[in-house]
Amino acid sequence: MLPYSVILGNLGNTCDRFLSSGYKEALPKEEMVRQAAEIEGVMGLELVSTWDVTPQNTEAVGEMLDAHNLSCVSIIPDLFGQKRWGKGSLSAQNQSIRQAAIDHLFECVEMARTLNCPLINIWPGQDGYDYHLQSHLIEERRWLTEGITQVAQQAPDLQFSLEYKPKEPRCFSYLARASDTLLLAKETGLDNVGVTIDTGHSFVAGENVSEAVVILQEYGKKLFHMHFNDNHGHWDDDMMVGSVHFPLYVELLYWLKKTGYSGWYSMDQYPYREDGKGAIEASVRFLMMIDRLLDESALAELEHLLQEKNPIRTQNWILETFYQ
């Protein structure tokens, strides 16, 4: 079975910008951890720093995870949810802000080591711009690269995975697509810097997410981590996996297998109104179903169809295999 995980906050009261209190009741951390452990297939959690884990509670959180036989899959540094990052974190014009972002990453490194967590998942959501002629595109991209390099260089025991997203909260993000994020990762010159694909971010970026997988894997096995969700292609709606893009996920799991991806399959959703645990369960069940039906025989058939390049035969194969 594939290794499934979930970002802990997905199980709580996810809030949107129209109702900052959210549509559900907030759950205690212990309850969210317990719910995660009850979902079939889920073996790990991702924790957001300052939200879920801090230098003060790291050991207590570790004990909580151990009690439920869950691994800490990644720590996501909070470089997006504080006022001080409003004009950027690692790429901010203000040098003291850039240093604060670097210091926070080092805090996350120490928390990861305490939790035996192998990966820091960096989403620099505030690093970008909104208006043309607003930002110094050369300086700010350089600062972003230098900050990531500095931290990753001093923590060779951990992986640093860069999560890209074309927009939101900024209108334009410096890490916007798979290829430009790969360029930055390779610019660091470090083997422990790679890329996270969030399927919904890839949809909004206009990518074929399977092609993004292949690009990252073919250019140095740089796909370190995967986040799964779904949307309608216009915004990062963070919906249940497979609720919109069914055949696309068949292709995606095929290429993850074909290119030798060995990382976690992590759920990253925002069930604003739905039951969080139920939404995550449905997503994991969907991926488990595709994984089960993509057995050795099906993989061989699909390889043959790719060589044949007949979309009619491929469509009929999808119907016969997945709509029984």
# chains A, B, ... in the order shown; residues from 1 in each chain; ligands from 1
$ residues_around --residues "range 138-146 of chain A" --least-positions-apart "6" --cutoff "10 Å" --atoms "only C-alpha atoms" --output "PyMOL selection string"
chain A and resi 88-93+95+98+102+124+127-128+152+174-175+184-188
$ write_last_selection --atoms "C-alpha atoms" --output "short mmCIF file (atom, residue, chain, number, x, y, z; two decimals), in the first residue's frame"
data_model
loop_
_atom_site.label_atom_id
_atom_site.label_comp_id
_atom_site.auth_asym_id
_atom_site.auth_seq_id
_atom_site.Cartn_x
_atom_site.Cartn_y
_atom_site.Cartn_z
CA GLY A 88 7.62 38.76 1.57
CA SER A 89 9.64 36.43 3.76
CA LEU A 90 12.81 35.03 2.18
CA SER A 91 12.58 37.58 -0.64
CA ALA A 92 11.52 40.62 1.43
CA GLN A 93 13.19 43.95 0.68
CA GLN A 95 16.94 42.47 5.36
CA ARG A 98 14.67 37.97 5.43
CA ILE A 102 15.87 32.19 7.80
CA PRO A 124 6.84 30.77 0.46
CA ASP A 127 7.11 35.74 -1.79
CA GLY A 128 5.89 37.33 -4.97
CA ALA A 152 19.72 23.55 3.39
CA TYR A 174 8.12 33.50 -7.49
CA LEU A 175 7.70 29.73 -7.21
CA LEU A 184 15.78 27.34 -8.32
CA ALA A 185 16.31 23.96 -6.64
CA LYS A 186 19.13 23.15 -9.04
CA GLU A 187 20.58 26.66 -8.66
CA THR A 188 21.28 25.87 -5.00
#
$ residues_around --residues "Ile197 in chain A" --least-positions-apart "2" --cutoff "10 Å" --atoms "only C-alpha atoms" --output "list in words"
Ser161, Leu162, Glu163, Tyr164, Lys165, Arg177, Ala178, Val195, Thr199, Gly200, His201, Ser202, Val209, Ala212, Val213, Leu216, Leu223, Phe224, His225, Met226, His227 and Phe228 of chain A
$ closest_atom_pairs --of "range 169-261 of chain A" --to "range 280-289 of chain A" --cutoff "10 Å" --atoms "only C-alpha atoms" --output "CSV"
residue,atom,partner,partner_atom,distance
A:Phe228,CA,A:Ser283,CA,8.3
A:Asn229,CA,A:Ser283,CA,7.8
A:Asp230,CA,A:Ser283,CA,9.6
A:Met239,CA,A:Ser283,CA,9.1
A:Met240,CA,A:Ser283,CA,5.5
A:Val241,CA,A:Ser283,CA,4.8
A:Gly242,CA,A:Phe286,CA,6.8
A:Ser243,CA,A:Ser283,CA,8.7
A:Phe246,CA,A:Phe286,CA,9.4
A:Tyr249,CA,A:Leu287,CA,8.1
A:Val250,CA,A:Leu287,CA,9.0
A:Leu253,CA,A:Leu287,CA,8.4
$ write_last_selection --atoms "C-alpha atoms" --output "mmCIF file, in the first residue's frame"
data_model
loop_
_atom_site.group_PDB
_atom_site.id
_atom_site.type_symbol
_atom_site.label_atom_id
_atom_site.label_comp_id
_atom_site.auth_asym_id
_atom_site.auth_seq_id
_atom_site.Cartn_x
_atom_site.Cartn_y
_atom_site.Cartn_z
ATOM 1 C CA PHE A 228 -3.188 15.746 -3.269
ATOM 2 C CA ASN A 229 -6.448 17.657 -3.742
ATOM 3 C CA ASP A 230 -8.702 18.737 -6.610
ATOM 4 C CA MET A 239 -11.447 19.776 -2.877
ATOM 5 C CA MET A 240 -11.637 16.006 -2.421
ATOM 6 C CA VAL A 241 -9.229 14.085 -4.649
ATOM 7 C CA GLY A 242 -10.838 12.793 -7.844
ATOM 8 C CA SER A 243 -14.013 14.844 -7.452
ATOM 9 C CA PHE A 246 -10.741 11.371 -12.485
ATOM 10 C CA TYR A 249 -5.301 10.889 -11.483
ATOM 11 C CA VAL A 250 -5.009 7.580 -13.321
ATOM 12 C CA LEU A 253 -0.360 7.524 -10.411
#
$ residues_around --residues "range 110-116 of chain A" --least-positions-apart "6" --cutoff "7 Å" --atoms "only C-alpha atoms" --output "JSON, numbers by chain"
{"A": [55, 58, 62, 72, 75]}
$ select_by_dssp --residues "range 94-277 of chain A" --states "strand (DSSP E or B)" --output "MDAnalysis selection string"
chainID A and resid 119:122 128:129 159:163 172:173 193:198 223:228 230 239 265:267
$ residues_around --residues "Thr314 in chain A" --least-positions-apart "3" --cutoff "8 Å" --atoms "only C-alpha atoms" --output "JSON, numbers by chain"
{"A": [302, 305, 310, 311, 317, 318]}
$ closest_residue --among "A:Pro28, A:Gly22, A:Gly9, A:Pro169" --to "Leu79 in chain A" --atoms "only C-alpha atoms"
A:Pro169
$ residues_around --residues "Gly12 in chain A" --least-positions-apart "2" --cutoff "9 Å" --atoms "only C-alpha atoms" --output "list in words"
Leu8, Gly9, Asn10, Thr14, Lys24, Glu25, Ala26, Leu27, Pro28, Lys29, Met32, Pro271, Asp275, Gly276 and Lys277 of chain A
$ write_last_selection --atoms "C-alpha atoms" --output "mmCIF file, in the first residue's frame"
data_model
loop_
_atom_site.group_PDB
_atom_site.id
_atom_site.type_symbol
_atom_site.label_atom_id
_atom_site.label_comp_id
_atom_site.auth_asym_id
_atom_site.auth_seq_id
_atom_site.Cartn_x
_atom_site.Cartn_y
_atom_site.Cartn_z
ATOM 1 C CA LEU A 8 -3.153 17.992 10.405
ATOM 2 C CA GLY A 9 -5.130 21.208 9.990
ATOM 3 C CA ASN A 10 -7.246 19.642 7.222
ATOM 4 C CA THR A 14 -10.622 25.420 7.914
ATOM 5 C CA LYS A 24 -17.330 24.448 11.902
ATOM 6 C CA GLU A 25 -16.225 24.124 15.479
ATOM 7 C CA ALA A 26 -12.488 24.093 16.181
ATOM 8 C CA LEU A 27 -11.144 20.737 17.335
ATOM 9 C CA PRO A 28 -8.413 20.129 19.919
ATOM 10 C CA LYS A 29 -5.108 18.987 18.456
ATOM 11 C CA MET A 32 -7.438 15.778 15.094
ATOM 12 C CA PRO A 271 -13.041 21.098 3.595
ATOM 13 C CA ASP A 275 -16.671 16.926 7.627
ATOM 14 C CA GLY A 276 -12.864 16.995 7.566
ATOM 15 C CA LYS A 277 -12.279 13.371 8.454
#
$ atom_distance --atom1 "CA of Glu218 in chain A" --atom2 "CA of Leu306 in chain A"
18.1 Å
$ closest_residue --among "A:Ser173, A:Phe203, A:Gln269, A:Val151" --to "Tyr131 in chain A" --atoms "only C-alpha atoms"
A:Ser173
